[in-house]
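Q: Just my_file32.txt, nothing more (compact mmCIF, C-alpha atoms):
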```txt
# COMPACT_ATOMS: atom_id res chain seq x y z
CA MET Z 268 0.00 0.00 0.00
CA ILE Z 269 2.79 2.45 0.91
CA MET Z 270 4.56 1.74 -2.38
CA GLY Z 271 1.31 2.29 -4.23
CA LEU Z 272 0.72 5.64 -2.53
CA ASN Z 273 4.27 6.73 -3.33
CA ASN Z 274 3.62 6.14 -7.02
CA CYS Z 275 -0.01 7.20 -7.36
CA ARG Z 276 -1.44 10.41 -8.83
CA ILE Z 277 -1.81 12.10 -5.44
CA SER Z 278 1.73 11.29 -4.29
CA HIS Z 279 2.95 14.89 -4.66
CA VAL Z 280 0.46 16.28 -2.15
CA LEU Z 281 0.94 13.33 0.19
CA ARG Z 282 4.67 13.97 0.40
CA SER Z 283 4.57 17.78 0.49
CA ASN Z 284 4.84 19.26 3.96
CA PRO Z 285 5.32 23.05 3.75
CA PHE Z 286 5.50 25.38 6.71
CA VAL Z 287 1.90 26.52 7.17
CA PHE Z 288 1.49 30.14 8.25
CA LYS Z 289 -1.63 30.31 10.38
CA ASP Z 290 -2.43 34.00 9.84
CA LEU Z 291 -2.42 33.57 6.05
CA ILE Z 292 -4.84 30.66 6.13
CA VAL Z 293 -7.14 32.40 8.62
CA ASP Z 294 -7.20 35.56 6.49
CA PHE Z 295 -7.90 33.57 3.34
CA TRP Z 296 -11.05 31.94 4.71
CA LYS Z 297 -12.18 35.06 6.58
CA ASN Z 298 -12.14 37.13 3.38
CA ALA Z 299 -13.09 34.40 0.89
CA SER Z 300 -15.92 34.73 -1.60
CA VAL Z 301 -17.01 32.63 -4.56
CA ASN Z 302 -17.07 34.02 -8.08
CA ASN Z 303 -19.27 31.66 -10.09
CA LYS Z 304 -18.24 33.36 -13.34
CA GLY Z 305 -14.57 32.72 -12.82
CA GLU Z 306 -11.97 30.86 -14.83
CA GLY Z 307 -13.33 28.62 -17.57
CA GLY Z 308 -16.90 29.24 -16.48
CA VAL Z 309 -16.52 26.88 -13.51
CA GLY Z 310 -15.94 29.59 -10.92
CA ASN Z 311 -13.15 30.37 -8.51
CA ILE Z 312 -12.61 31.32 -4.89
CA GLU Z 313 -11.35 34.85 -4.34
CA SER Z 314 -9.89 36.37 -1.20
CA VAL Z 315 -7.56 39.06 0.09
CA ILE Z 316 -4.50 38.40 2.26
CA LYS Z 317 -2.55 41.41 3.54
CA GLY Z 318 -3.92 43.57 0.73
CA ILE Z 319 -3.07 41.08 -2.03
CA ASN Z 320 -5.87 39.61 -4.13
CA ILE Z 321 -5.89 35.81 -4.13
CA VAL Z 322 -7.63 33.64 -6.71
CA ILE Z 323 -7.94 29.87 -6.46
CA SER Z 324 -9.48 27.92 -9.31
CA GLU Z 325 -9.67 24.31 -10.33
CA GLN Z 326 -6.85 24.90 -12.82
CA ILE Z 327 -4.60 26.52 -10.21
CA ILE Z 328 -5.16 23.54 -7.94
CA ARG Z 329 -4.29 21.27 -10.87
CA ASP Z 330 -1.09 23.19 -11.62
CA VAL Z 331 0.19 23.38 -8.04
CA LEU Z 332 -0.94 20.08 -6.54
CA GLU Z 333 0.09 18.12 -9.65
CA PHE Z 334 -2.74 15.60 -9.71
CA GLY Z 335 -2.14 14.98 -13.41
CA ASP Z 336 -5.85 15.12 -14.22
CA ALA Z 337 -7.87 17.14 -16.74
CA LEU Z 338 -10.91 19.42 -16.78
CA LYS Z 339 -13.37 16.98 -18.35
CA LEU Z 340 -12.57 13.95 -16.21
CA PRO Z 341 -15.33 12.66 -13.89
CA THR Z 342 -15.65 13.15 -10.14
CA LYS Z 343 -18.30 10.49 -9.69
CA TYR Z 344 -18.86 7.05 -11.18
CA PRO Z 345 -22.16 5.15 -11.50
CA SER Z 346 -23.16 3.38 -8.30
CA SER Z 347 -23.24 0.01 -10.06
CA LYS Z 348 -19.63 0.35 -11.18
CA VAL Z 349 -18.46 1.48 -7.74
CA LYS Z 350 -20.35 -1.36 -6.05
CA GLU Z 351 -18.56 -3.91 -8.23
CA VAL Z 352 -15.20 -2.68 -6.96
CA LEU Z 353 -16.39 -2.47 -3.35
CA GLU Z 354 -17.48 -6.09 -3.65
CA LYS Z 355 -13.99 -7.06 -4.82
CA MET Z 356 -12.56 -5.12 -1.87
CA CYS Z 357 -14.74 -7.24 0.46
CA TYR Z 358 -16.57 -4.19 1.73
CA GLU Z 359 -19.26 -5.42 4.13
CA GLY Z 360 -21.58 -2.42 4.28
CA THR Z 361 -24.12 -0.72 2.05
CA TYR Z 362 -23.48 2.01 -0.50
CA PRO Z 363 -23.89 4.96 -0.65
CA PRO Z 364 -22.28 6.12 1.55
CA THR Z 365 -19.51 3.77 2.66
CA ILE Z 366 -18.35 3.21 6.22
CA LYS Z 367 -14.61 3.03 6.72
CA LYS Z 368 -14.79 0.44 9.50
CA GLN Z 369 -16.56 -2.01 7.22
CA ARG Z 370 -13.56 -2.23 4.90
CA PRO Z 371 -10.79 -4.78 5.44
CA PRO Z 372 -7.66 -3.28 7.08
CA TYR Z 373 -5.74 -2.94 3.81
CA TRP Z 374 -8.44 -0.83 2.13
CA ARG Z 375 -9.36 0.89 5.40
CA PHE Z 376 -5.83 2.30 5.47
CA LEU Z 377 -6.27 3.78 1.98
CA ALA Z 378 -9.67 5.25 2.88
CA HIS Z 379 -8.29 6.74 6.09
CA TYR Z 380 -5.30 8.23 4.29
CA PHE Z 381 -7.57 9.77 1.67
CA ILE Z 382 -9.98 11.23 4.23
CA ILE Z 383 -7.16 12.81 6.23
CA CYS Z 384 -5.19 14.19 3.29
CA ILE Z 385 -7.62 14.87 0.44
CA SER Z 386 -11.24 14.83 1.54
CA GLY Z 387 -13.08 17.69 3.21
CA ARG Z 388 -14.28 15.28 5.94
CA LYS Z 389 -17.69 16.94 6.25
CA SER Z 390 -19.25 13.65 7.40
CA GLY Z 391 -16.60 12.77 9.98
CA PHE Z 392 -13.84 10.18 9.78
CA ASP Z 393 -15.97 7.03 9.38
CA GLU Z 394 -18.65 7.89 6.84
CA ILE Z 395 -17.34 8.42 3.31
CA SER Z 396 -19.48 10.33 0.81
CA GLN Z 397 -20.45 9.01 -2.61
CA THR Z 398 -18.05 11.37 -4.36
CA ALA Z 399 -15.16 10.53 -2.03
CA THR Z 400 -15.88 6.81 -2.43
CA SER Z 401 -15.69 7.24 -6.21
CA ALA Z 402 -12.35 8.99 -5.76
CA ILE Z 403 -10.95 6.20 -3.58
CA VAL Z 404 -12.17 3.53 -5.99
CA ALA Z 405 -10.74 5.45 -8.96
CA LEU Z 406 -7.42 5.77 -7.15
CA SER Z 407 -7.26 2.08 -6.30
CA MET Z 408 -8.28 0.98 -9.82
CA ASN Z 409 -6.27 3.67 -11.65
CA TRP Z 410 -9.40 5.07 -13.30
CA ASP Z 411 -9.52 8.59 -14.68
CA TYR Z 412 -10.61 11.03 -11.99
CA ASN Z 413 -10.64 14.82 -11.59
CA PHE Z 414 -9.02 15.20 -8.17
CA SER Z 415 -8.48 18.92 -8.82
CA LYS Z 416 -12.22 19.50 -9.20
CA PHE Z 417 -12.88 17.34 -6.14
CA VAL Z 418 -10.61 19.52 -3.98
CA PHE Z 419 -11.97 22.75 -5.47
CA GLU Z 420 -15.56 21.74 -4.78
CA GLU Z 421 -14.64 20.72 -1.23
CA MET Z 422 -13.08 24.16 -0.72
CA ASN Z 423 -16.20 25.77 -2.15
CA ARG Z 424 -18.43 23.83 0.24
CA ASN Z 425 -16.15 24.79 3.10
CA HIS Z 426 -16.59 28.47 2.29
CA GLN Z 427 -20.35 27.99 2.56
CA GLY Z 428 -20.05 26.18 5.89
CA LYS Z 429 -19.73 27.39 9.46
CA LYS Z 430 -17.13 30.10 9.95
CA LYS Z 431 -15.64 28.42 13.01
CA ASP Z 432 -14.77 25.32 10.96
CA GLN Z 433 -13.20 27.01 7.96
CA PHE Z 434 -9.63 27.34 9.17
CA LEU Z 435 -9.32 23.57 9.52
CA MET Z 436 -9.90 23.01 5.82
CA TYR Z 437 -6.91 22.40 3.54
CA PRO Z 438 -4.28 24.57 5.28
CA ARG Z 439 -1.48 22.55 3.67
CA PHE Z 440 -2.91 22.76 0.14
CA LEU Z 441 -3.61 26.48 0.52
CA GLN Z 442 -0.07 27.09 1.72
CA MET Z 443 1.33 25.20 -1.28
CA ILE Z 444 -0.71 27.44 -3.59
CA LEU Z 445 0.32 30.61 -1.77
CA ASN Z 446 3.98 29.58 -1.88
CA GLU Z 447 3.93 29.01 -5.63
CA LYS Z 448 1.54 31.70 -6.84
CA TYR Z 449 1.84 34.42 -4.19
CA SER Z 450 5.35 34.22 -2.81
CA GLN Z 451 5.39 38.02 -2.32
CA ILE Z 452 3.04 37.80 0.67
CA GLU Z 453 4.93 38.55 3.87
CA ARG Z 454 5.22 35.56 6.19
CA SER Z 455 5.12 35.74 9.97
CA SER Z 456 6.63 33.45 12.58
CA ASN Z 457 3.19 32.11 13.51
CA THR Z 458 3.34 28.68 11.93
CA LEU Z 459 0.95 25.80 12.39
CA GLU Z 460 2.32 22.43 13.43
CA MET Z 461 0.68 19.88 11.16
CA LYS Z 462 -0.04 16.55 12.83
CA ALA Z 463 -2.42 15.04 10.28
CA LEU Z 464 -0.54 11.75 10.05
CA GLY Z 465 0.63 11.46 13.63
CA PRO Z 466 -0.06 8.55 16.01
CA SER Z 467 -3.29 10.08 17.30
CA THR Z 468 -4.68 10.28 13.78
CA PHE Z 469 -3.97 6.68 12.92
CA GLY Z 470 -5.46 5.73 16.26
CA LEU Z 471 -8.79 6.62 14.65
CA MET Z 472 -8.43 3.47 12.55
CA LYS Z 473 -8.68 1.21 15.58
CA GLN Z 474 -11.84 -0.82 15.94
CA SER Z 475 -11.45 -1.42 19.66
CA ARG Z 476 -12.71 1.96 20.81
CA LYS Z 477 -15.76 1.91 23.09
CA THR Z 478 -17.72 4.06 20.64
CA THR Z 479 -17.25 1.57 17.80
CA LYS Z 480 -20.61 0.05 16.86
CA ILE Z 481 -19.76 -1.28 13.39
CA THR Z 482 -16.67 -3.34 12.62
CA PHE Z 483 -15.26 -5.37 9.78
CA GLN Z 484 -16.14 -9.03 10.31
CA GLY Z 485 -13.95 -10.64 7.64
CA ALA Z 486 -16.77 -12.89 6.51
CA ARG Z 487 -15.36 -13.33 3.00
CA GLU Z 488 -11.87 -14.11 1.77
CA LEU Z 489 -10.03 -11.19 0.21
CA VAL Z 490 -9.60 -11.46 -3.56
```
Kindly transcribe the structure held in the file into structure tokens.
A:
Amino acid sequence: MIMGLNNCRISHVLRSNPFVFKDLIVDFWKNASVNNKGEGGVGNIESVIKGINIVISEQIIRDVLEFGDALKLPTKYPSSKVKEVLEKMCYEGTYPPTIKKQRPPYWRFLAHYFIICISGRKSGFDEISQTATSAIVALSMNWDYNFSKFVFEEMNRNHQGKKKDQFLMYPRFLQMILNEKYSQIERSSNTLEMKALGPSTFGLMKQSRKTTKITFQGARELV
């Protein structure tokens, strides 16, 4: 699995670990607005940080995060096609959505990694949305998928969400974009220590917690 992640289409963002400047990320979300008539007719997110206008679009995400996708690629596959793959993965739950704990450990690791690093996590760490499930299946099967649009739409939804939650969304990705496209913005010493893949995070994969109601039973042999 680790070797696969190191060579997959999202490997660049998985390995990138920039210094994240908290005040820049806070200012971005505080001043953010959505321009639905933006680049390519698909909209963009606009903001102001320290007097500098910031624009984030699907194409900018594609350029900086290096997903290697394209504008017209899908972000969701038919349920029947996704279910076929979930069956091969020995997923024991229903779909949609999928529940991380009902995947075998090997595929649970991939789902957990994706939720932590790529997904907006609006439904918590265990429930995986239909779109995110399509992304995970596409990643595992090497299907075409528009990860750039997925991230952009997650950012867009975050802007429309509760203000108190916005800072937590994509600080690492935003910092990568600011570093490449807006390097002239003055940085402070107020950095954020990123612990997304620390021991406490991977502890969320354990099925022995008292709050765990659904677990993987291993009723079928992995194929």
Q: If you measure from CA of Asp336 in chain Z to CA of Asn413 in chain Z, what distance in Å do you get, rounded to one decimal?
A: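 If I compute the distance from CA of Asp336 in chain Z to CA of Asn413 in chain Z, I get 5.5 Å.
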Q: What does the distance from CA of Leu291 in chain Z to CA of Ser278 in chain Z come to in Å, to one decimal?
A: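 CA of Ser278 in chain Z lies at a distance of 24.9 Å from CA of Leu291 in chain Z.
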Q: For Phe414 in chain Z, please output as a short mmCIF file (atom, residue, chain, number, x, y, z; two decimals) with C-alpha atoms, in the frame of the given file all residues within 7 Å (counting only C-alpha atoms; exclusion window: fewer than 3 positions along the same chain).
A:
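Once written, result_32.cif looks like this:
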```cif
data_model
loop_
_atom_site.label_atom_id
_atom_site.label_comp_id
_atom_site.auth_asym_id
_atom_site.auth_seq_id
_atom_site.Cartn_x
_atom_site.Cartn_y
_atom_site.Cartn_z
CA PHE Z 334 -2.74 15.60 -9.71
CA ASP Z 336 -5.85 15.12 -14.22
CA PHE Z 417 -12.88 17.34 -6.14
CA VAL Z 418 -10.61 19.52 -3.98
#
```
Q: Suppose you want the space between CA of Glu421 in chain Z and CA of Asn311 in chain Z; what is it in Å?
A: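 We find that CA of Glu421 in chain Z and CA of Asn311 in chain Z lie 12.2 Å from each other.
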Q: When you count all atoms listed in the file, which of these residues is closest to Pro345 in chain Z: Z:Ala405, Z:Val331, Z:Ile321, Z:Cys275?
A: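 So, comparing all the options, the nearest one is Z:Ala405.
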Q: Set the distance at 7 Å and use all atoms listed in the file: which residues neighbour Ser386 in chain Z once local chain neighbours fewer than 4 positions away are removed? I'd like the list as a ChimeraX atom specification.
A: /Z:381-382,399
Q: Between Z:Gln442, Z:Thr458, Z:Asn425, Z:Thr365, which has the minimum distance to Leu353 in chain Z (counting only C-alpha atoms)?
A: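 For Leu353 in chain Z, the nearest of the candidates is Z:Thr365.
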Q: Just the residues within 9 Å of Tyr412 in chain Z, please, counting all atoms listed in the file, with nothing from its chain fewer than 6 positions along; format it as JSON, numbers by chain.
A: {"Z": [336, 337, 340, 341, 342, 343, 401, 402, 405, 406]}
Q: Counting all atoms listed in the file, which residues come within 9 Å of (-14.3, 0.9, 3.9), with the point read in the file's coordinates, and could you list them as an NGL selection string?
A: :Z and (353 or 356-360 or 365-372 or 374-379 or 393-395 or 400 or 483)
Q: What does the file look like for those residues with C-alpha atoms, as a PDB file, in the frame of the given file?
A:
```pdb
ATOM      1  CA  LEU Z 353     -16.390  -2.470  -3.350  1.00  0.00           C
ATOM      2  CA  MET Z 356     -12.560  -5.120  -1.870  1.00  0.00           C
ATOM      3  CA  CYS Z 357     -14.740  -7.240   0.460  1.00  0.00           C
ATOM      4  CA  TYR Z 358     -16.570  -4.190   1.730  1.00  0.00           C
ATOM      5  CA  GLU Z 359     -19.260  -5.420   4.130  1.00  0.00           C
ATOM      6  CA  GLY Z 360     -21.580  -2.420   4.280  1.00  0.00           C
ATOM      7  CA  THR Z 365     -19.510   3.770   2.660  1.00  0.00           C
ATOM      8  CA  ILE Z 366     -18.350   3.210   6.220  1.00  0.00           C
ATOM      9  CA  LYS Z 367     -14.610   3.030   6.720  1.00  0.00           C
ATOM     10  CA  LYS Z 368     -14.790   0.440   9.500  1.00  0.00           C
ATOM     11  CA  GLN Z 369     -16.560  -2.010   7.220  1.00  0.00           C
ATOM     12  CA  ARG Z 370     -13.560  -2.230   4.900  1.00  0.00           C
ATOM     13  CA  PRO Z 371     -10.790  -4.780   5.440  1.00  0.00           C
ATOM     14  CA  PRO Z 372      -7.660  -3.280   7.080  1.00  0.00           C
ATOM     15  CA  TRP Z 374      -8.440  -0.830   2.130  1.00  0.00           C
ATOM     16  CA  ARG Z 375      -9.360   0.890   5.400  1.00  0.00           C
ATOM     17  CA  PHE Z 376      -5.830   2.300   5.470  1.00  0.00           C
ATOM     18  CA  LEU Z 377      -6.270   3.780   1.980  1.00  0.00           C
ATOM     19  CA  ALA Z 378      -9.670   5.250   2.880  1.00  0.00           C
ATOM     20  CA  HIS Z 379      -8.290   6.740   6.090  1.00  0.00           C
ATOM     21  CA  ASP Z 393     -15.970   7.030   9.380  1.00  0.00           C
ATOM     22  CA  GLU Z 394     -18.650   7.890   6.840  1.00  0.00           C
ATOM     23  CA  ILE Z 395     -17.340   8.420   3.310  1.00  0.00           C
ATOM     24  CA  THR Z 400     -15.880   6.810  -2.430  1.00  0.00           C
ATOM     25  CA  PHE Z 483     -15.260  -5.370   9.780  1.00  0.00           C
TER      26      PHE Z 483
END
```
Q: Taking into account all atoms listed in the file, which residue in the set Z:Ser324, Z:Glu354, Z:Gln397, Z:Gly335 is nearest to Glu420 in chain Z?
A: Z:Ser324
Q: Here is a test: counting only C-alpha atoms, which residue of Z:Arg439, Z:Lys339, Z:Arg424, Z:Lys348 is nearest to Pro285 in chain Z?
A: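 Using only C-alpha atoms, the shortest distance to Pro285 in chain Z belongs to Z:Arg439.
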Q: With distances taken over only C-alpha atoms, which of Z:Asn423, Z:Thr398, Z:Ser283, Z:Asn409 is nearest to Asn302 in chain Z?
A: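 Among Z:Asn423, Z:Thr398, Z:Ser283, Z:Asn409, it is Z:Asn423 that comes nearest to Asn302 in chain Z.
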Q: Which is closest to Val293 in chain Z among Z:Ile403, Z:Ile316, Z:Ile323, Z:Met443, if we use all atoms listed in the file?
A: Z:Ile316
Q: List as a PyMOL selection string the protein and nucleic acid residues near Phe295 in chain Z, meaning an atom at most 12 Å away when only C-alpha atoms are counted, but skip any in the same chain fewer than 6 places from it.
A: chain Z and resi 288-289+312-323+422+426+430+433-438+441-442+444-445
